[in-house]
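File shown here: run31.cif, holding mmCIF, N, CA and C atoms.
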data_model
loop_
_atom_site.label_atom_id
_atom_site.label_comp_id
_atom_site.auth_asym_id
_atom_site.auth_seq_id
_atom_site.Cartn_x
_atom_site.Cartn_y
_atom_site.Cartn_z
N MET I 1 36.25 96.99 -74.40
CA MET I 1 36.98 97.36 -75.58
C MET I 1 38.29 96.60 -75.59
N SER I 2 38.55 95.99 -76.70
CA SER I 2 39.77 95.19 -76.79
C SER I 2 40.96 96.09 -77.04
N ASN I 3 42.12 95.52 -76.86
CA ASN I 3 43.36 96.25 -77.04
C ASN I 3 43.52 96.72 -78.49
N THR I 4 43.09 95.91 -79.43
CA THR I 4 43.17 96.25 -80.85
C THR I 4 42.25 97.42 -81.17
N GLU I 5 41.02 97.37 -80.64
CA GLU I 5 40.07 98.47 -80.87
C GLU I 5 40.60 99.75 -80.24
N HIS I 6 41.18 99.61 -79.08
CA HIS I 6 41.75 100.78 -78.39
C HIS I 6 42.89 101.38 -79.22
N ASN I 7 43.74 100.51 -79.79
CA ASN I 7 44.86 100.99 -80.63
C ASN I 7 44.35 101.69 -81.90
N VAL I 8 43.30 101.16 -82.51
CA VAL I 8 42.72 101.76 -83.71
C VAL I 8 42.14 103.13 -83.37
N GLU I 9 41.40 103.18 -82.26
CA GLU I 9 40.81 104.45 -81.84
C GLU I 9 41.90 105.45 -81.49
N SER I 10 42.93 105.01 -80.85
CA SER I 10 44.06 105.86 -80.50
C SER I 10 44.75 106.41 -81.75
N LYS I 11 44.90 105.54 -82.74
CA LYS I 11 45.51 105.97 -84.01
C LYS I 11 44.62 106.99 -84.70
N ASN I 12 43.31 106.79 -84.69
CA ASN I 12 42.37 107.74 -85.30
C ASN I 12 42.47 109.11 -84.62
N VAL I 13 42.52 109.10 -83.29
CA VAL I 13 42.63 110.36 -82.55
C VAL I 13 43.96 111.03 -82.87
N THR I 14 45.03 110.25 -82.93
CA THR I 14 46.35 110.79 -83.25
C THR I 14 46.35 111.39 -84.66
N ASP I 15 45.75 110.70 -85.61
CA ASP I 15 45.67 111.21 -86.98
C ASP I 15 44.87 112.51 -87.04
N THR I 16 43.77 112.54 -86.31
CA THR I 16 42.94 113.74 -86.26
C THR I 16 43.71 114.91 -85.65
N LEU I 17 44.42 114.64 -84.56
CA LEU I 17 45.21 115.68 -83.92
C LEU I 17 46.35 116.16 -84.82
N ASP I 18 46.96 115.24 -85.56
CA ASP I 18 48.00 115.62 -86.51
C ASP I 18 47.44 116.53 -87.61
N GLU I 19 46.25 116.19 -88.09
CA GLU I 19 45.60 117.01 -89.12
C GLU I 19 45.28 118.40 -88.57
N ILE I 20 44.78 118.46 -87.35
CA ILE I 20 44.49 119.75 -86.72
C ILE I 20 45.77 120.57 -86.58
N LEU I 21 46.84 119.93 -86.18
CA LEU I 21 48.13 120.61 -86.04
C LEU I 21 48.61 121.15 -87.39
N ARG I 22 48.48 120.37 -88.45
CA ARG I 22 48.87 120.83 -89.79
C ARG I 22 48.02 122.03 -90.22
N LEU I 23 46.71 121.96 -89.95
CA LEU I 23 45.83 123.07 -90.29
C LEU I 23 46.21 124.33 -89.51
N GLN I 24 46.50 124.17 -88.23
CA GLN I 24 46.91 125.32 -87.42
C GLN I 24 48.20 125.94 -87.95
N GLU I 25 49.16 125.11 -88.32
CA GLU I 25 50.42 125.62 -88.86
C GLU I 25 50.19 126.34 -90.18
N ASP I 26 49.30 125.79 -91.01
CA ASP I 26 48.98 126.42 -92.28
C ASP I 26 48.32 127.78 -92.05
N ILE I 27 47.37 127.83 -91.14
CA ILE I 27 46.69 129.09 -90.83
C ILE I 27 47.68 130.10 -90.27
N GLN I 28 48.56 129.65 -89.40
CA GLN I 28 49.56 130.54 -88.82
C GLN I 28 50.48 131.10 -89.91
N ALA I 29 50.86 130.28 -90.86
CA ALA I 29 51.71 130.74 -91.96
C ALA I 29 50.96 131.77 -92.81
N ARG I 30 49.68 131.51 -93.08
CA ARG I 30 48.89 132.46 -93.87
C ARG I 30 48.75 133.80 -93.14
N ILE I 31 48.47 133.74 -91.85
CA ILE I 31 48.33 134.97 -91.07
C ILE I 31 49.64 135.74 -91.06
N GLY I 32 50.74 135.02 -90.89
CA GLY I 32 52.04 135.67 -90.92
C GLY I 32 52.31 136.35 -92.25
N SER I 33 51.95 135.67 -93.32
CA SER I 33 52.13 136.24 -94.66
C SER I 33 51.23 137.46 -94.84
N SER I 34 49.99 137.36 -94.38
CA SER I 34 49.05 138.48 -94.49
C SER I 34 49.56 139.67 -93.69
N ASN I 35 50.06 139.42 -92.50
CA ASN I 35 50.58 140.50 -91.68
C ASN I 35 51.76 141.18 -92.37
N HIS I 36 52.62 140.38 -92.96
CA HIS I 36 53.77 140.95 -93.67
C HIS I 36 53.30 141.82 -94.83
N ASN I 37 52.30 141.32 -95.58
CA ASN I 37 51.76 142.10 -96.70
C ASN I 37 51.13 143.39 -96.21
N LEU I 38 50.39 143.32 -95.10
CA LEU I 38 49.77 144.53 -94.55
C LEU I 38 50.82 145.54 -94.12
N GLU I 39 51.87 145.05 -93.47
CA GLU I 39 52.95 145.94 -93.04
C GLU I 39 53.62 146.59 -94.23
N THR I 40 53.86 145.81 -95.28
CA THR I 40 54.49 146.36 -96.49
C THR I 40 53.58 147.40 -97.13
N ASN I 41 52.29 147.09 -97.25
CA ASN I 41 51.34 148.03 -97.84
C ASN I 41 51.23 149.29 -96.99
N PHE I 42 51.21 149.13 -95.68
CA PHE I 42 51.11 150.29 -94.78
C PHE I 42 52.32 151.20 -94.97
N GLU I 43 53.51 150.62 -95.08
CA GLU I 43 54.72 151.42 -95.29
C GLU I 43 54.65 152.15 -96.63
N SER I 44 54.13 151.49 -97.65
CA SER I 44 53.98 152.13 -98.96
C SER I 44 53.00 153.30 -98.88
N ILE I 45 51.92 153.10 -98.17
CA ILE I 45 50.92 154.15 -98.02
C ILE I 45 51.50 155.33 -97.24
N LYS I 46 52.23 155.04 -96.16
CA LYS I 46 52.86 156.11 -95.39
C LYS I 46 53.82 156.91 -96.26
N ASP I 47 54.60 156.21 -97.08
CA ASP I 47 55.54 156.88 -97.97
C ASP I 47 54.80 157.77 -98.96
N PHE I 48 53.72 157.24 -99.54
CA PHE I 48 52.93 158.01 -100.50
C PHE I 48 52.35 159.26 -99.85
N VAL I 49 51.80 159.11 -98.65
CA VAL I 49 51.19 160.25 -97.96
C VAL I 49 52.24 161.30 -97.63
N SER I 50 53.41 160.86 -97.17
CA SER I 50 54.45 161.85 -96.85
C SER I 50 54.91 162.59 -98.10
N ARG I 51 55.02 161.87 -99.22
CA ARG I 51 55.40 162.54 -100.47
C ARG I 51 54.28 163.47 -100.94
N ALA I 52 53.03 163.07 -100.75
CA ALA I 52 51.90 163.91 -101.16
C ALA I 52 51.91 165.21 -100.36
N HIS I 53 52.20 165.11 -99.06
CA HIS I 53 52.26 166.32 -98.23
C HIS I 53 53.38 167.24 -98.70
N ALA I 54 54.45 166.70 -99.19
CA ALA I 54 55.55 167.52 -99.69
C ALA I 54 55.15 168.27 -100.96
N TYR I 55 54.23 167.70 -101.73
CA TYR I 55 53.81 168.34 -102.98
C TYR I 55 52.70 169.37 -102.79
N ILE I 56 52.04 169.38 -101.67
CA ILE I 56 50.92 170.31 -101.47
C ILE I 56 51.35 171.77 -101.64
N PRO I 57 52.44 172.22 -101.01
CA PRO I 57 52.85 173.61 -101.22
C PRO I 57 53.20 173.90 -102.68
N ILE I 58 53.80 172.95 -103.35
CA ILE I 58 54.15 173.13 -104.76
C ILE I 58 52.88 173.27 -105.59
N LEU I 59 51.90 172.42 -105.32
CA LEU I 59 50.63 172.49 -106.06
C LEU I 59 49.89 173.79 -105.77
N ASN I 60 49.94 174.24 -104.52
CA ASN I 60 49.31 175.52 -104.18
C ASN I 60 49.95 176.66 -104.96
N GLN I 61 51.28 176.65 -105.06
CA GLN I 61 51.99 177.70 -105.81
C GLN I 61 51.63 177.63 -107.29
N ILE I 62 51.57 176.43 -107.83
CA ILE I 62 51.19 176.28 -109.24
C ILE I 62 49.79 176.83 -109.47
N SER I 63 48.88 176.55 -108.54
CA SER I 63 47.52 177.05 -108.65
C SER I 63 47.50 178.58 -108.66
N LYS I 64 48.25 179.20 -107.75
CA LYS I 64 48.32 180.67 -107.70
C LYS I 64 48.92 181.21 -109.00
N ASP I 65 49.98 180.57 -109.49
CA ASP I 65 50.61 181.00 -110.73
C ASP I 65 49.65 180.91 -111.91
N MET I 66 48.86 179.83 -111.94
CA MET I 66 47.90 179.67 -113.03
C MET I 66 46.83 180.76 -112.99
N ILE I 67 46.37 181.10 -111.79
CA ILE I 67 45.37 182.17 -111.65
C ILE I 67 45.96 183.48 -112.14
N GLU I 68 47.20 183.75 -111.72
CA GLU I 68 47.87 184.99 -112.15
C GLU I 68 48.04 185.02 -113.67
N ILE I 69 48.44 183.90 -114.26
CA ILE I 69 48.61 183.83 -115.71
C ILE I 69 47.28 184.08 -116.41
N CYS I 70 46.21 183.48 -115.89
CA CYS I 70 44.88 183.69 -116.50
C CYS I 70 44.46 185.16 -116.41
N GLU I 71 44.71 185.77 -115.27
CA GLU I 71 44.35 187.18 -115.11
C GLU I 71 45.16 188.05 -116.06
N ARG I 72 46.45 187.76 -116.18
CA ARG I 72 47.30 188.54 -117.09
C ARG I 72 46.89 188.32 -118.54
N THR I 73 46.53 187.08 -118.87
CA THR I 73 46.08 186.78 -120.22
C THR I 73 44.81 187.57 -120.55
N GLN I 74 43.88 187.59 -119.60
CA GLN I 74 42.64 188.35 -119.81
C GLN I 74 42.94 189.84 -120.00
N ALA I 75 43.86 190.36 -119.18
CA ALA I 75 44.22 191.78 -119.30
C ALA I 75 44.87 192.05 -120.66
N LEU I 76 45.75 191.13 -121.12
CA LEU I 76 46.37 191.31 -122.43
C LEU I 76 45.35 191.22 -123.56
N LYS I 77 44.40 190.31 -123.43
CA LYS I 77 43.34 190.21 -124.46
C LYS I 77 42.53 191.50 -124.52
N LYS I 78 42.22 192.06 -123.35
CA LYS I 78 41.45 193.29 -123.30
C LYS I 78 42.25 194.44 -123.94
N LYS I 79 43.53 194.49 -123.59
CA LYS I 79 44.39 195.54 -124.15
C LYS I 79 44.51 195.38 -125.66
N THR I 80 44.65 194.13 -126.13
CA THR I 80 44.74 193.86 -127.56
C THR I 80 43.47 194.32 -128.26
N SER I 81 42.33 194.02 -127.67
CA SER I 81 41.05 194.44 -128.26
C SER I 81 40.97 195.96 -128.34
N GLN I 82 41.42 196.63 -127.29
CA GLN I 82 41.39 198.10 -127.29
C GLN I 82 42.33 198.67 -128.36
N LEU I 83 43.51 198.04 -128.50
CA LEU I 83 44.45 198.49 -129.53
C LEU I 83 43.90 198.26 -130.92
N GLU I 84 43.25 197.10 -131.13
CA GLU I 84 42.65 196.81 -132.43
C GLU I 84 41.55 197.82 -132.74
N LEU I 85 40.77 198.14 -131.73
CA LEU I 85 39.69 199.12 -131.91
C LEU I 85 40.29 200.49 -132.22
N SER I 86 41.36 200.82 -131.51
CA SER I 86 42.03 202.10 -131.73
C SER I 86 42.61 202.15 -133.14
N ASP I 87 43.25 201.07 -133.60
CA ASP I 87 43.80 201.01 -134.95
C ASP I 87 42.69 201.15 -135.99
N THR I 88 41.58 200.50 -135.75
CA THR I 88 40.46 200.57 -136.69
C THR I 88 39.94 202.00 -136.77
N ASN I 89 39.85 202.68 -135.62
CA ASN I 89 39.36 204.05 -135.60
C ASN I 89 40.34 204.97 -136.32
N ILE I 90 41.65 204.72 -136.18
CA ILE I 90 42.64 205.54 -136.85
C ILE I 90 42.56 205.33 -138.35
N GLU I 91 42.43 204.10 -138.78
CA GLU I 91 42.34 203.77 -140.20
C GLU I 91 41.08 204.38 -140.82
N ASP I 92 39.99 204.41 -140.06
CA ASP I 92 38.74 204.94 -140.57
C ASP I 92 38.75 206.46 -140.51
N GLY I 93 39.75 207.04 -139.87
CA GLY I 93 39.86 208.49 -139.77
C GLY I 93 38.96 209.06 -138.69
N ARG I 94 38.65 208.28 -137.73
CA ARG I 94 37.77 208.77 -136.65
C ARG I 94 38.52 209.50 -135.62
#

Structure encoded using structure tokens:
Amino acid sequence: MSNTEHNVESKNVTDTLDEILRLQEDIQARIGSSNHNLETNFESIKDFVSRAHAYIPILNQISKDMIEICERTQALKKKTSQLELSDTNIEDGR
């Protein structure tokens, strides 16, 4: 192998290694960016979950209040029906 051929082959290997190095740096940058995005998303999810846990007791109380309101509404409807029936009976002279 002549000196010129050796230099050409050496340059080809150097170019290939440079390209590999650029690809590795690009991949490393992408991974770093992905990791940062994952960390940011994880923090957002943790914040959401902690806020959701804070609302659970409030939602439970609202649920109990709604049940109580429904029960009271049903009782008032029943009482109203009885009063209407009573008024009708009084009007009819029963």

Practice problem: Work out how far apart atom CA of I:Ser63 and atom N of I:Ser44 are and give it in Å to one decimal. | Solution: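 According to the coordinates, atom CA of I:Ser63 and atom N of I:Ser44 are separated by 28.6 Å.
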
Quiz item: Just how far from atom CA of I:Thr73 is atom CA of I:Gln61, in Å to one decimal?
Solution: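 Distance between the two atoms: 18.0 Å.
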
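Between atom CA of I:Glu43 and atom CA of I:Ile31 the separation is 18.1 Å.
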
Draw an axis-aligned box over all listed atoms of stretch 78-82 of chain I, pad each side with 4 Å, and write its centre and edge lengths in Å, one decimal, as AutoDock Vina command-line options.
--center_x 42.9 --center_y 195.4 --center_z -125.8 --size_x 11.8 --size_y 14.6 --size_z 13.1
